[in-house]
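Pasting coords.cif here (mmCIF, C-alpha atoms):
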data_structure
#
loop_
_atom_site.label_atom_id
_atom_site.label_comp_id
_atom_site.auth_asym_id
_atom_site.auth_seq_id
_atom_site.Cartn_x
_atom_site.Cartn_y
_atom_site.Cartn_z
CA MET A 930 0.00 0.00 0.00
CA LYS A 931 1.42 3.40 -0.99
CA PRO A 932 2.09 5.79 1.93
CA GLY A 933 0.05 8.62 0.31
CA PHE A 934 -2.95 6.30 0.07
CA LEU A 935 -2.58 5.25 3.72
CA ILE A 936 -2.25 8.86 4.94
CA ALA A 937 -5.35 9.89 2.94
CA TRP A 938 -7.36 7.02 4.43
CA ILE A 939 -6.22 7.86 7.98
CA ILE A 940 -7.05 11.59 7.57
CA ALA A 941 -10.44 10.72 6.04
CA ALA A 942 -11.28 8.19 8.77
CA VAL A 943 -10.17 10.40 11.68
CA GLY A 944 -11.68 13.50 10.07
CA LEU A 945 -15.06 11.91 9.46
CA LEU A 946 -15.14 10.68 13.06
CA VAL A 947 -14.14 14.03 14.56
CA CYS A 948 -16.09 16.29 12.19
CA PRO A 949 -19.60 15.56 13.54
CA PHE A 950 -18.45 16.71 17.01
CA LEU A 951 -16.83 19.87 15.60
CA VAL A 952 -19.93 20.59 13.53
CA LEU A 953 -22.14 20.04 16.57
CA SER A 954 -20.05 22.37 18.73
CA ALA A 955 -19.94 25.14 16.09
CA PRO A 956 -22.31 28.03 16.91
CA LEU A 957 -25.84 27.98 15.50
CA GLU A 958 -26.35 30.28 12.54
CA GLN A 959 -28.88 32.99 13.44
CA SER A 960 -31.32 32.85 10.55
CA MET A 961 -31.09 29.18 9.57
CA GLY A 962 -30.57 27.50 12.95
CA PHE A 963 -29.60 23.83 13.10
CA VAL A 964 -30.25 23.11 9.42
CA GLN A 965 -27.29 25.34 8.47
CA LYS A 966 -25.01 22.51 9.65
CA ILE A 967 -25.65 20.71 6.34
CA PHE A 968 -23.38 23.42 4.90
CA TYR A 969 -20.31 21.72 6.48
CA TYR A 970 -20.84 18.65 4.27
CA HIS A 971 -22.57 20.26 1.31
CA VAL A 972 -19.90 22.82 0.35
CA PRO A 973 -16.83 20.50 0.66
CA SER A 974 -18.66 17.86 -1.41
CA ALA A 975 -19.33 20.48 -4.09
CA PHE A 976 -15.63 21.43 -4.09
CA ALA A 977 -14.65 17.75 -4.38
CA ASP A 978 -17.13 17.40 -7.26
CA PHE A 979 -15.56 20.28 -9.19
CA ALA A 980 -12.09 18.86 -8.51
CA ALA A 981 -13.25 15.51 -9.95
CA ILE A 982 -14.84 17.18 -13.01
CA TYR A 983 -11.66 19.06 -13.90
CA VAL A 984 -9.37 16.08 -13.21
CA CYS A 985 -11.59 14.12 -15.61
CA GLY A 986 -11.40 16.94 -18.20
CA VAL A 987 -7.59 17.22 -18.03
CA ALA A 988 -7.15 13.42 -18.09
CA SER A 989 -9.49 13.25 -21.12
CA VAL A 990 -7.47 15.83 -23.07
CA MET A 991 -4.28 13.92 -22.20
CA TYR A 992 -5.90 10.62 -23.22
CA LEU A 993 -6.89 11.96 -26.63
CA PHE A 994 -3.30 13.20 -27.11
CA LYS A 995 -1.44 10.15 -25.83
CA ARG A 996 -3.95 7.26 -26.00
CA LYS A 997 -2.53 5.64 -22.89
CA PRO A 998 -4.89 3.33 -20.92
CA ASN A 999 -3.30 4.62 -17.72
CA VAL A 1000 -4.51 8.18 -18.40
CA ASP A 1001 -7.93 6.84 -19.34
CA ALA A 1002 -8.06 5.09 -15.96
CA TRP A 1003 -7.63 8.53 -14.32
CA ALA A 1004 -10.50 9.91 -16.40
CA ILE A 1005 -12.99 7.15 -15.56
CA THR A 1006 -12.02 7.24 -11.87
CA ALA A 1007 -12.58 10.99 -11.75
CA ALA A 1008 -15.90 10.67 -13.62
CA GLU A 1009 -17.20 8.14 -11.09
CA LEU A 1010 -16.15 10.37 -8.20
CA ALA A 1011 -17.78 13.37 -9.93
CA VAL A 1012 -21.07 11.45 -9.98
CA LEU A 1013 -20.64 10.36 -6.34
CA PHE A 1014 -19.76 13.79 -4.90
CA GLY A 1015 -22.30 15.45 -7.21
CA ALA A 1016 -25.01 13.17 -5.81
CA ILE A 1017 -23.95 13.97 -2.21
CA THR A 1018 -24.08 17.70 -3.01
CA LEU A 1019 -27.50 17.44 -4.65
CA VAL A 1020 -29.01 15.38 -1.83
CA THR A 1021 -27.62 17.58 0.98
CA GLY A 1022 -28.59 20.70 -0.98
CA SER A 1023 -32.10 19.40 -1.51
CA LEU A 1024 -32.50 18.69 2.23
CA TRP A 1025 -31.32 22.21 3.02
CA ALA A 1026 -33.62 23.74 0.39
CA ARG A 1027 -36.67 21.98 1.86
CA LYS A 1028 -36.05 23.61 5.20
CA ALA A 1029 -34.77 27.00 3.97
CA TRP A 1030 -36.97 27.69 0.94
CA GLY A 1031 -39.85 25.24 1.60
CA VAL A 1032 -39.22 23.26 -1.61
CA TRP A 1033 -37.06 20.25 -2.42
CA TRP A 1034 -35.97 21.71 -5.72
CA THR A 1035 -36.08 25.01 -7.57
CA TRP A 1036 -34.70 25.97 -11.02
CA ASP A 1037 -32.15 28.33 -9.60
CA ALA A 1038 -28.97 29.05 -11.61
CA ARG A 1039 -26.58 27.19 -9.35
CA LEU A 1040 -28.89 24.22 -8.81
CA THR A 1041 -29.59 23.82 -12.52
CA THR A 1042 -25.88 24.06 -13.34
CA PHE A 1043 -25.11 21.40 -10.80
CA ALA A 1044 -27.87 19.07 -11.94
CA LEU A 1045 -26.69 19.35 -15.56
CA CYS A 1046 -23.06 18.66 -14.55
CA GLU A 1047 -24.29 15.56 -12.78
CA LEU A 1048 -26.23 14.58 -15.90
CA ILE A 1049 -23.13 14.98 -18.11
CA PHE A 1050 -21.10 12.65 -15.90
CA VAL A 1051 -23.92 10.13 -15.51
CA ALA A 1052 -24.02 10.12 -19.33
CA TYR A 1053 -20.24 9.57 -19.29
CA LEU A 1054 -20.61 6.46 -17.13
CA LEU A 1055 -23.58 5.20 -19.17
CA VAL A 1056 -21.64 5.45 -22.41
CA ARG A 1057 -18.57 3.84 -20.81
CA ASN A 1058 -20.64 0.93 -19.51
CA TYR A 1059 -22.84 0.31 -22.53
CA GLY A 1060 -20.71 1.75 -25.34
CA GLY A 1061 -18.25 -1.12 -25.66
CA PRO A 1062 -14.82 -0.78 -27.26
CA GLY A 1063 -14.13 2.67 -28.66
CA SER A 1064 -16.28 4.47 -26.12
CA GLU A 1065 -13.15 5.79 -24.34
CA SER A 1066 -12.48 8.47 -26.91
CA LEU A 1067 -16.16 9.41 -27.22
CA CYS A 1068 -16.34 9.80 -23.46
CA ALA A 1069 -13.13 11.84 -23.46
CA GLY A 1070 -14.88 14.18 -25.92
CA LEU A 1071 -17.92 14.30 -23.65
CA ALA A 1072 -15.79 15.18 -20.61
CA ILE A 1073 -14.02 17.99 -22.51
CA PHE A 1074 -17.35 19.44 -23.62
CA GLY A 1075 -18.64 18.94 -20.07
CA CYS A 1076 -15.81 21.08 -18.65
CA ILE A 1077 -16.42 23.81 -21.24
CA ASP A 1078 -20.15 23.56 -20.59
CA VAL A 1079 -20.02 24.20 -16.83
CA PRO A 1080 -19.53 28.01 -16.99
CA ILE A 1081 -21.89 28.30 -20.00
CA ILE A 1082 -24.70 26.45 -18.28
CA TYR A 1083 -24.21 28.68 -15.26
CA LYS A 1084 -24.42 31.78 -17.45
CA SER A 1085 -27.43 30.43 -19.35
CA VAL A 1086 -29.52 30.05 -16.25
CA SER A 1087 -28.21 33.08 -14.37
CA LEU A 1088 -31.00 35.22 -15.84
CA TRP A 1089 -33.38 33.24 -13.68
CA ARG A 1090 -33.73 34.23 -10.07
CA THR A 1091 -30.82 33.12 -7.93
CA LEU A 1092 -31.90 32.05 -4.49
CA HIS A 1093 -28.70 30.21 -3.67
CA PRO A 1094 -26.37 31.86 -1.14
CA LYS A 1095 -23.40 33.57 -2.80
CA ALA A 1096 -19.91 32.03 -2.84
CA GLU A 1097 -18.75 34.75 -0.41
CA VAL A 1098 -20.46 32.75 2.35
CA VAL A 1099 -17.25 30.75 2.76
CA ARG A 1100 -15.02 33.83 3.00
CA THR A 1101 -17.33 35.72 5.35
CA LEU A 1102 -17.93 32.73 7.61
CA ASP A 1103 -18.15 33.36 11.36
CA PRO A 1104 -14.62 32.62 12.77
CA ALA A 1105 -16.16 30.23 15.31
CA MET A 1106 -17.57 28.13 12.42
CA LYS A 1107 -14.28 27.96 10.53
CA PRO A 1108 -12.61 25.03 12.41
CA ALA A 1109 -15.60 22.75 11.70
CA PHE A 1110 -15.74 23.88 8.07
CA TYR A 1111 -12.03 23.45 7.34
CA ALA A 1112 -11.88 20.12 9.21
CA SER A 1113 -14.77 18.93 7.09
CA LEU A 1114 -13.12 20.26 3.91
CA VAL A 1115 -9.84 18.45 4.67
CA SER A 1116 -11.65 15.20 5.59
CA ILE A 1117 -13.79 15.16 2.48
CA PHE A 1118 -10.80 15.92 0.24
CA ALA A 1119 -8.84 13.16 2.01
CA LEU A 1120 -11.79 10.83 1.34
CA PHE A 1121 -11.77 11.97 -2.29
CA ILE A 1122 -8.05 11.18 -2.63
CA ALA A 1123 -8.41 7.83 -0.84
CA LEU A 1124 -11.33 6.76 -3.04
CA PHE A 1125 -9.46 8.00 -6.09
CA TYR A 1126 -6.44 5.83 -5.25
CA LEU A 1127 -8.64 2.83 -4.56
CA ARG A 1128 -10.71 3.12 -7.74
CA LEU A 1129 -7.62 3.88 -9.81
CA SER A 1130 -5.85 0.76 -8.62
CA VAL A 1131 -8.95 -1.34 -9.42
CA GLU A 1132 -9.11 0.19 -12.91
CA ARG A 1133 -5.39 -0.39 -13.51
CA ARG A 1134 -5.79 -4.03 -12.52
CA ARG A 1135 -8.77 -4.35 -14.85
CA VAL A 1136 -6.68 -2.94 -17.73
CA ALA A 1137 -3.80 -5.31 -16.86
CA LEU A 1138 -6.25 -8.25 -16.77
CA ASP A 1139 -7.69 -7.29 -20.17
CA GLU A 1140 -4.17 -7.19 -21.59
CA LEU A 1141 -3.45 -10.63 -20.14
CA TYR A 1142 -6.64 -12.04 -21.68
CA LEU A 1143 -5.71 -10.56 -25.04
CA ALA A 1144 -2.18 -11.97 -24.80
CA ALA A 1145 -3.57 -15.40 -23.84
CA GLU A 1146 -6.02 -15.34 -26.77
CA GLU A 1147 -3.24 -14.38 -29.17
CA ALA A 1148 -1.02 -17.17 -27.83
CA ASP A 1149 -3.89 -19.66 -28.29
CA ALA A 1150 -4.50 -18.47 -31.83
CA LYS A 1151 -0.79 -18.85 -32.65
CA GLU A 1152 -0.71 -22.39 -31.21
CA GLN A 1153 -3.75 -23.41 -33.23
CA ALA A 1154 -2.24 -21.92 -36.39
CA MET B 828 -8.39 27.34 -48.23
CA ARG B 829 -7.84 23.77 -49.35
CA SER B 830 -9.79 22.52 -46.34
CA LEU B 831 -12.68 24.83 -47.14
CA ARG B 832 -12.72 23.67 -50.76
CA LEU B 833 -12.74 20.05 -49.60
CA ALA B 834 -15.51 20.82 -47.09
CA MET B 835 -17.57 22.36 -49.91
CA LEU B 836 -16.99 19.25 -52.02
CA LEU B 837 -18.17 17.01 -49.17
CA LEU B 838 -21.19 19.26 -48.66
CA TRP B 839 -21.96 18.96 -52.36
CA LYS B 840 -21.65 15.17 -52.09
CA ASP B 841 -24.13 15.08 -49.19
CA LEU B 842 -26.60 17.36 -50.99
CA ALA B 843 -26.37 15.31 -54.22
CA LEU B 844 -26.86 12.08 -52.24
CA GLU B 845 -29.87 13.55 -50.48
CA TRP B 846 -31.32 14.88 -53.72
CA ARG B 847 -31.26 11.34 -55.10
CA SER B 848 -32.38 9.41 -52.03
CA ARG B 849 -34.42 11.98 -50.03
CA ASP B 850 -33.62 9.69 -47.14
CA VAL B 851 -32.62 12.09 -44.37
CA LEU B 852 -34.96 14.97 -45.13
CA GLY B 853 -38.01 12.76 -45.62
CA LEU B 854 -37.53 11.28 -42.17
CA MET B 855 -36.85 14.67 -40.55
CA PHE B 856 -39.93 16.29 -42.14
CA PHE B 857 -42.15 13.43 -41.05
CA PHE B 858 -40.83 13.31 -37.50
CA GLY B 859 -40.80 17.10 -37.03
CA THR B 860 -44.43 17.30 -38.14
CA LEU B 861 -45.37 14.38 -35.93
CA VAL B 862 -43.85 15.98 -32.81
CA VAL B 863 -45.66 19.29 -33.45
CA LEU B 864 -48.96 17.47 -33.98
CA VAL B 865 -48.63 15.25 -30.90
CA PHE B 866 -47.72 18.20 -28.68
CA SER B 867 -50.53 20.27 -30.20
CA PHE B 868 -53.07 17.68 -29.13
CA ALA B 869 -51.49 17.52 -25.70
CA PHE B 870 -51.15 21.24 -24.95
CA LEU B 871 -53.70 23.10 -27.05
CA SER B 872 -56.80 23.83 -25.03
CA ALA B 873 -59.64 26.09 -26.22
CA GLY B 874 -57.60 27.04 -29.29
CA HIS B 875 -54.75 28.83 -27.55
CA THR B 876 -51.74 28.20 -25.34
CA THR B 877 -48.87 30.18 -23.77
CA SER B 878 -45.69 31.36 -25.49
CA ASP B 879 -43.57 29.10 -23.23
CA VAL B 880 -45.43 26.01 -24.43
CA VAL B 881 -45.28 26.97 -28.12
CA SER B 882 -41.56 27.68 -27.83
CA GLY B 883 -41.05 24.31 -26.11
CA ILE B 884 -42.98 22.50 -28.85
CA LEU B 885 -41.00 24.16 -31.65
CA TRP B 886 -37.64 23.41 -30.05
CA SER B 887 -38.57 19.83 -29.09
CA ALA B 888 -39.57 19.14 -32.70
CA THR B 889 -36.28 20.70 -33.85
CA LEU B 890 -34.17 18.64 -31.44
CA PHE B 891 -35.88 15.31 -32.07
CA SER B 892 -35.94 15.65 -35.85
CA GLY B 893 -32.34 16.94 -35.75
CA THR B 894 -31.17 13.92 -33.75
CA LEU B 895 -32.86 11.58 -36.20
CA GLY B 896 -31.30 13.44 -39.12
CA LEU B 897 -27.87 13.24 -37.52
CA GLU B 898 -28.15 9.48 -37.02
CA ARG B 899 -29.36 8.88 -40.55
CA SER B 900 -26.83 11.17 -42.13
CA ALA B 901 -23.96 9.64 -40.12
CA GLU B 902 -25.14 6.18 -41.16
CA HIS B 903 -24.56 7.17 -44.80
CA GLU B 904 -21.03 8.14 -43.85
CA ARG B 905 -20.21 4.79 -42.25
CA GLU B 906 -18.90 3.16 -45.39
CA THR B 907 -17.28 6.25 -46.87
CA LEU B 908 -15.56 7.45 -43.72
CA ARG B 909 -12.70 4.98 -43.83
CA ALA B 910 -12.07 5.80 -47.48
CA LEU B 911 -12.23 9.52 -46.71
CA LEU B 912 -9.75 9.16 -43.86
CA LEU B 913 -7.35 7.25 -46.13
CA THR B 914 -7.21 10.27 -48.44
CA PRO B 915 -5.17 13.32 -47.39
CA THR B 916 -8.42 15.11 -46.44
CA PRO B 917 -7.94 16.83 -43.06
CA PRO B 918 -10.53 15.76 -40.41
CA ALA B 919 -11.52 19.43 -40.05
CA ALA B 920 -12.70 19.46 -43.70
CA ILE B 921 -14.73 16.26 -43.19
CA PHE B 922 -16.23 17.81 -40.06
CA LEU B 923 -17.09 21.16 -41.65
CA GLY B 924 -18.63 19.52 -44.71
CA LYS B 925 -20.82 17.32 -42.54
CA VAL B 926 -21.85 20.18 -40.24
CA ALA B 927 -22.76 22.34 -43.25
CA SER B 928 -24.98 19.63 -44.74
CA MET B 929 -26.60 18.95 -41.35
CA VAL B 930 -27.31 22.67 -40.86
CA ILE B 931 -29.00 22.81 -44.29
CA PHE B 932 -31.10 19.69 -43.60
CA MET B 933 -32.09 20.89 -40.14
CA LEU B 934 -33.02 24.37 -41.36
CA ALA B 935 -35.26 22.82 -44.02
CA ALA B 936 -36.99 20.69 -41.35
CA GLU B 937 -37.26 23.71 -39.02
CA ALA B 938 -38.92 25.74 -41.79
CA LEU B 939 -41.65 23.09 -41.90
CA VAL B 940 -41.93 22.99 -38.11
CA LEU B 941 -42.26 26.80 -37.99
CA PHE B 942 -44.87 26.68 -40.76
CA PHE B 943 -46.96 24.31 -38.63
CA GLY B 944 -46.24 26.55 -35.65
CA ALA B 945 -47.74 29.48 -37.56
CA LEU B 946 -50.67 27.35 -38.68
CA PHE B 947 -51.58 25.87 -35.28
CA PHE B 948 -50.34 28.46 -32.80
CA GLY B 949 -50.18 31.71 -34.78
CA VAL B 950 -46.38 32.03 -34.58
CA PRO B 951 -45.72 35.50 -36.13
CA LEU B 952 -43.55 34.38 -39.06
CA VAL B 953 -43.97 37.67 -40.92
CA SER B 954 -43.59 40.29 -38.19
CA GLN B 955 -40.88 38.49 -36.17
CA GLY B 956 -39.51 36.24 -38.92
CA GLY B 957 -35.97 37.70 -38.90
CA LYS B 958 -35.33 37.27 -35.20
CA LEU B 959 -37.02 33.88 -35.12
CA ALA B 960 -34.85 32.72 -38.03
CA ALA B 961 -31.71 34.08 -36.28
CA LEU B 962 -32.54 32.13 -33.10
CA PHE B 963 -33.10 28.89 -35.00
CA VAL B 964 -30.07 29.32 -37.30
CA LEU B 965 -27.72 29.98 -34.35
CA GLY B 966 -29.20 27.12 -32.32
CA THR B 967 -28.90 24.77 -35.29
CA ILE B 968 -25.21 25.58 -35.89
CA GLY B 969 -24.29 24.69 -32.29
CA PHE B 970 -26.44 21.56 -32.32
CA ALA B 971 -25.06 20.32 -35.65
CA ALA B 972 -21.45 20.99 -34.59
CA VAL B 973 -21.63 19.06 -31.29
CA GLY B 974 -23.89 16.40 -32.84
CA THR B 975 -21.45 15.71 -35.68
CA VAL B 976 -18.54 15.22 -33.25
CA PHE B 977 -20.38 12.25 -31.72
CA ALA B 978 -22.66 10.99 -34.51
CA ILE B 979 -19.90 10.29 -37.06
CA PRO B 980 -17.63 8.20 -34.77
CA LEU B 981 -20.72 6.45 -33.35
CA SER B 982 -21.84 5.39 -36.83
CA ARG B 983 -18.85 3.02 -36.93
CA HIS B 984 -19.41 1.83 -33.40
CA GLN B 985 -20.06 -1.85 -32.77
CA SER B 986 -22.71 -1.27 -30.09
CA GLY B 987 -26.34 -2.03 -30.89
CA ALA B 988 -27.60 0.96 -28.90
CA LYS B 989 -26.00 3.68 -31.05
CA ASP B 990 -29.12 5.86 -31.09
CA LEU B 991 -29.36 5.80 -27.33
CA LEU B 992 -25.66 6.53 -26.95
CA LEU B 993 -25.92 9.54 -29.27
CA MET B 994 -28.72 11.01 -27.19
CA ALA B 995 -26.85 10.31 -23.94
CA LEU B 996 -23.75 12.06 -25.28
CA LEU B 997 -25.44 14.92 -27.08
CA TYR B 998 -28.36 16.12 -24.98
CA PRO B 999 -26.57 17.04 -21.74
CA ILE B 1000 -24.03 19.08 -23.72
CA ILE B 1001 -26.45 21.01 -25.87
CA LEU B 1002 -28.80 21.95 -23.01
CA PRO B 1003 -27.55 25.58 -23.02
CA ILE B 1004 -28.81 25.79 -26.64
CA VAL B 1005 -32.17 24.44 -25.56
CA ILE B 1006 -32.37 26.94 -22.70
CA ALA B 1007 -31.29 29.91 -24.85
CA GLY B 1008 -33.46 28.87 -27.81
CA THR B 1009 -36.63 28.25 -25.82
CA ARG B 1010 -36.20 31.37 -23.65
CA GLY B 1011 -35.46 33.57 -26.68
CA THR B 1012 -38.37 32.16 -28.70
CA ALA B 1013 -40.77 32.47 -25.75
CA ALA B 1014 -39.72 36.11 -25.28
CA LEU B 1015 -40.40 36.72 -28.97
CA LEU B 1016 -43.79 35.01 -28.92
CA ASP B 1017 -45.11 36.96 -25.92
CA GLU B 1018 -48.02 39.30 -26.66
CA ILE B 1019 -45.60 42.20 -26.22
CA PRO B 1020 -42.25 40.73 -27.36
CA ASP B 1021 -39.38 41.29 -24.93
CA LEU B 1022 -36.77 42.33 -27.50
CA ASP B 1023 -34.02 42.94 -24.92
CA ALA B 1024 -34.29 39.31 -23.77
CA VAL B 1025 -34.31 38.13 -27.40
CA SER B 1026 -31.12 40.04 -28.20
CA TYR B 1027 -29.47 38.70 -25.00
CA TRP B 1028 -30.23 35.10 -25.99
CA LEU B 1029 -29.12 35.75 -29.58
CA ARG B 1030 -25.74 37.00 -28.33
CA PHE B 1031 -25.56 34.05 -25.97
CA LEU B 1032 -26.23 31.59 -28.80
CA ALA B 1033 -23.63 33.29 -31.01
CA ALA B 1034 -20.99 33.04 -28.26
CA PHE B 1035 -21.91 29.40 -27.63
CA ASP B 1036 -21.60 28.65 -31.36
CA VAL B 1037 -18.13 30.19 -31.65
CA LEU B 1038 -16.86 28.30 -28.60
CA PHE B 1039 -18.45 24.98 -29.52
CA VAL B 1040 -17.58 25.02 -33.23
CA VAL B 1041 -13.92 25.65 -32.34
CA ALA B 1042 -13.98 22.94 -29.62
CA SER B 1043 -15.81 20.55 -31.96
CA VAL B 1044 -13.26 20.87 -34.80
CA TRP B 1045 -10.53 20.17 -32.26
CA VAL B 1046 -12.23 17.22 -30.50
CA PHE B 1047 -13.50 15.68 -33.78
CA GLY B 1048 -9.94 15.39 -35.09
CA TRP B 1049 -8.93 13.47 -31.97
CA VAL B 1050 -11.99 11.28 -31.64
CA ILE B 1051 -11.97 10.19 -35.27
CA GLU B 1052 -8.23 9.52 -35.26
CA GLU B 1053 -8.45 6.33 -33.21
CA ARG B 1054 -10.84 4.71 -35.68
CA THR B 1055 -8.51 4.93 -38.68
#
Could you take the file, read its structure, and then write that structure out as structure tokens?
Amino acid sequence: MKPGFLIAWIIAAVGLLVCPFLVLSAPLEQSMGFVQKIFYYHVPSAFADFAAIYVCGVASVMYLFKRKPNVDAWAITAAELAVLFGAITLVTGSLWARKAWGVWWTWDARLTTFALCELIFVAYLLVRNYGGPGSESLCAGLAIFGCIDVPIIYKSVSLWRTLHPKAEVVRTLDPAMKPAFYASLVSIFALFIALFYLRLSVERRRVALDELYLAAEEADAKEQA
Amino acid sequence: MRSLRLAMLLLWKDLALEWRSRDVLGLMFFFGTLVVLVFSFAFLSAGHTTSDVVSGILWSATLFSGTLGLERSAEHERETLRALLLTPTPPAAIFLGKVASMVIFMLAAEALVLFFGALFFGVPLVSQGGKLAALFVLGTIGFAAVGTVFAIPLSRHQSGAKDLLLMALLYPIILPIVIAGTRGTAALLDEIPDLDAVSYWLRFLAAFDVLFVVASVWVFGWVIEERT
């Protein structure tokens, strides 16, 4: 086991055990009350989602340039994590919206952008799973367009009413809330890195296994010839 | 210049092929009309409906008939693509030729859809024709560009679910076109047209087109490369 992988797992495990206590001890936000505590999981998950989306985009560009299965393994790993952290963000956001705005969902700019990003990466996984051989490069194209699309989708829906709190919330956070927030941020990013390592090693083994199968088939064919 | 000349030649090939077979356009006309009719039955009550609904119907018909056209047109290319790639034709020329023919086919189908829109819902083709045409032309360019990037490589794909894969790849990406197109058209179809909103969405579509046509030329070259 690589030391980086082990450290990430330890930080994630300790962090996720300690975080609930830090979040609980952080002061209550005046207008939102207890429900504001979702913020400590919601925002770091959204950051991890964007990290995954752009890792997938960069890996996809590199894959189309170099055509190396190793780079493709990075792209698919990042796409799966984008879907996972996107789903966590959407679910926690929806819970918060129900309490704060009285609805589970609203077509606000940020929410719509997020839902469409999630859709793009679900499509990525669908095409990878059902597309068969050759779907790697198509999916790489999809991921590149997905990365370009994120700011455009945001712009396209920004004319609609934005209910979502502004990004300055993080910068203007009450100092007493900061330890819980940053602890949560570090833990969720550590979890992201740990899962990334794990999924990447599974994918690399799958690629190695495929190569072995191919080599075995070729050897069989040669023997029969 | 050479690429443009080659793209024009490929466009000419597609138009000549279509003139003889009427394969793609026939299907697009039929399907576009069908979508408008089905939605008319569903949404038209007491002879009138709102601008949002009409705009949604027109753009749904455009998208669905466009997707069908893309699949059909790419299917024609399946056999010729390998031969084309063996020639010194740059992928950008193949791409531009295909996008140009798709834009022409889609605009023809959209003209029919808008005609039915005028017939059933009183879409003001005469008074707002210019702006309506601009919205549809800009939307079509973006759609055809992104669609071609995926439809052409998919046509040579081994999977049986090519149609489904094309929709899965294409629709999430072109959603900004759908949003801009439907919002712009709805603003134009309001009783008092909101021309500021229309010009905003037109500029938005133009910016989207520039970005996506450039990205599409770039990505198409890479995606098609592996299949040679």
Apply the PyMOL selection byres ((chain B) within 6 of (chain A)) to the structure shown and report the selected residues as a count of residues only. 6
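With only C-alpha atoms as the atoms that count, the residue of B:Ser830, B:Ala920, B:Leu890, B:Thr975 with the shortest distance to Phe963 of chain B is B:Leu890.
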Please return as a PyMOL selection string every residue within 12 Å of (-11.5, 17.8, 2.5), taking into account all atoms listed in the file and the file's own coordinates. chain A and resi 937-938+940-945+948+969-978+980+1014+1109-1123
Generate a file of the selected residues that holds C-alpha atoms, formatted as a CSV table (one decimal), in the coordinates of the input.
chain,number,residue,atom,x,y,z
A,937,ALA,CA,-5.4,9.9,2.9
A,938,TRP,CA,-7.4,7.0,4.4
A,940,ILE,CA,-7.0,11.6,7.6
A,941,ALA,CA,-10.4,10.7,6.0
A,942,ALA,CA,-11.3,8.2,8.8
A,943,VAL,CA,-10.2,10.4,11.7
A,944,GLY,CA,-11.7,13.5,10.1
A,945,LEU,CA,-15.1,11.9,9.5
A,948,CYS,CA,-16.1,16.3,12.2
A,969,TYR,CA,-20.3,21.7,6.5
A,970,TYR,CA,-20.8,18.6,4.3
A,971,HIS,CA,-22.6,20.3,1.3
A,972,VAL,CA,-19.9,22.8,0.4
A,973,PRO,CA,-16.8,20.5,0.7
A,974,SER,CA,-18.7,17.9,-1.4
A,975,ALA,CA,-19.3,20.5,-4.1
A,976,PHE,CA,-15.6,21.4,-4.1
A,977,ALA,CA,-14.6,17.8,-4.4
A,978,ASP,CA,-17.1,17.4,-7.3
A,980,ALA,CA,-12.1,18.9,-8.5
A,1014,PHE,CA,-19.8,13.8,-4.9
A,1109,ALA,CA,-15.6,22.8,11.7
A,1110,PHE,CA,-15.7,23.9,8.1
A,1111,TYR,CA,-12.0,23.4,7.3
A,1112,ALA,CA,-11.9,20.1,9.2
A,1113,SER,CA,-14.8,18.9,7.1
A,1114,LEU,CA,-13.1,20.3,3.9
A,1115,VAL,CA,-9.8,18.4,4.7
A,1116,SER,CA,-11.6,15.2,5.6
A,1117,ILE,CA,-13.8,15.2,2.5
A,1118,PHE,CA,-10.8,15.9,0.2
A,1119,ALA,CA,-8.8,13.2,2.0
A,1120,LEU,CA,-11.8,10.8,1.3
A,1121,PHE,CA,-11.8,12.0,-2.3
A,1122,ILE,CA,-8.0,11.2,-2.6
A,1123,ALA,CA,-8.4,7.8,-0.8
Would you write out, as a short mmCIF file (atom, residue, chain, number, x, y, z; two decimals) with C-alpha atoms, keeping the file's coordinate frame, every residue that the PyMOL selection byres ((chain B and resi 924-932) around 9) captures in this file?
data_model
loop_
_atom_site.label_atom_id
_atom_site.label_comp_id
_atom_site.auth_asym_id
_atom_site.auth_seq_id
_atom_site.Cartn_x
_atom_site.Cartn_y
_atom_site.Cartn_z
CA LEU B 831 -12.68 24.83 -47.14
CA LEU B 833 -12.74 20.05 -49.60
CA ALA B 834 -15.51 20.82 -47.09
CA MET B 835 -17.57 22.36 -49.91
CA LEU B 836 -16.99 19.25 -52.02
CA LEU B 837 -18.17 17.01 -49.17
CA LEU B 838 -21.19 19.26 -48.66
CA TRP B 839 -21.96 18.96 -52.36
CA ASP B 841 -24.13 15.08 -49.19
CA LEU B 842 -26.60 17.36 -50.99
CA VAL B 851 -32.62 12.09 -44.37
CA LEU B 852 -34.96 14.97 -45.13
CA MET B 855 -36.85 14.67 -40.55
CA GLY B 893 -32.34 16.94 -35.75
CA GLY B 896 -31.30 13.44 -39.12
CA LEU B 897 -27.87 13.24 -37.52
CA SER B 900 -26.83 11.17 -42.13
CA ALA B 901 -23.96 9.64 -40.12
CA ALA B 919 -11.52 19.43 -40.05
CA ALA B 920 -12.70 19.46 -43.70
CA ILE B 921 -14.73 16.26 -43.19
CA PHE B 922 -16.23 17.81 -40.06
CA LEU B 923 -17.09 21.16 -41.65
CA MET B 933 -32.09 20.89 -40.14
CA LEU B 934 -33.02 24.37 -41.36
CA ALA B 935 -35.26 22.82 -44.02
CA ALA B 936 -36.99 20.69 -41.35
CA GLU B 937 -37.26 23.71 -39.02
CA VAL B 964 -30.07 29.32 -37.30
CA THR B 967 -28.90 24.77 -35.29
CA ILE B 968 -25.21 25.58 -35.89
CA PHE B 970 -26.44 21.56 -32.32
CA ALA B 971 -25.06 20.32 -35.65
CA ALA B 972 -21.45 20.99 -34.59
CA GLY B 974 -23.89 16.40 -32.84
CA THR B 975 -21.45 15.71 -35.68
CA ILE B 979 -19.90 10.29 -37.06
#
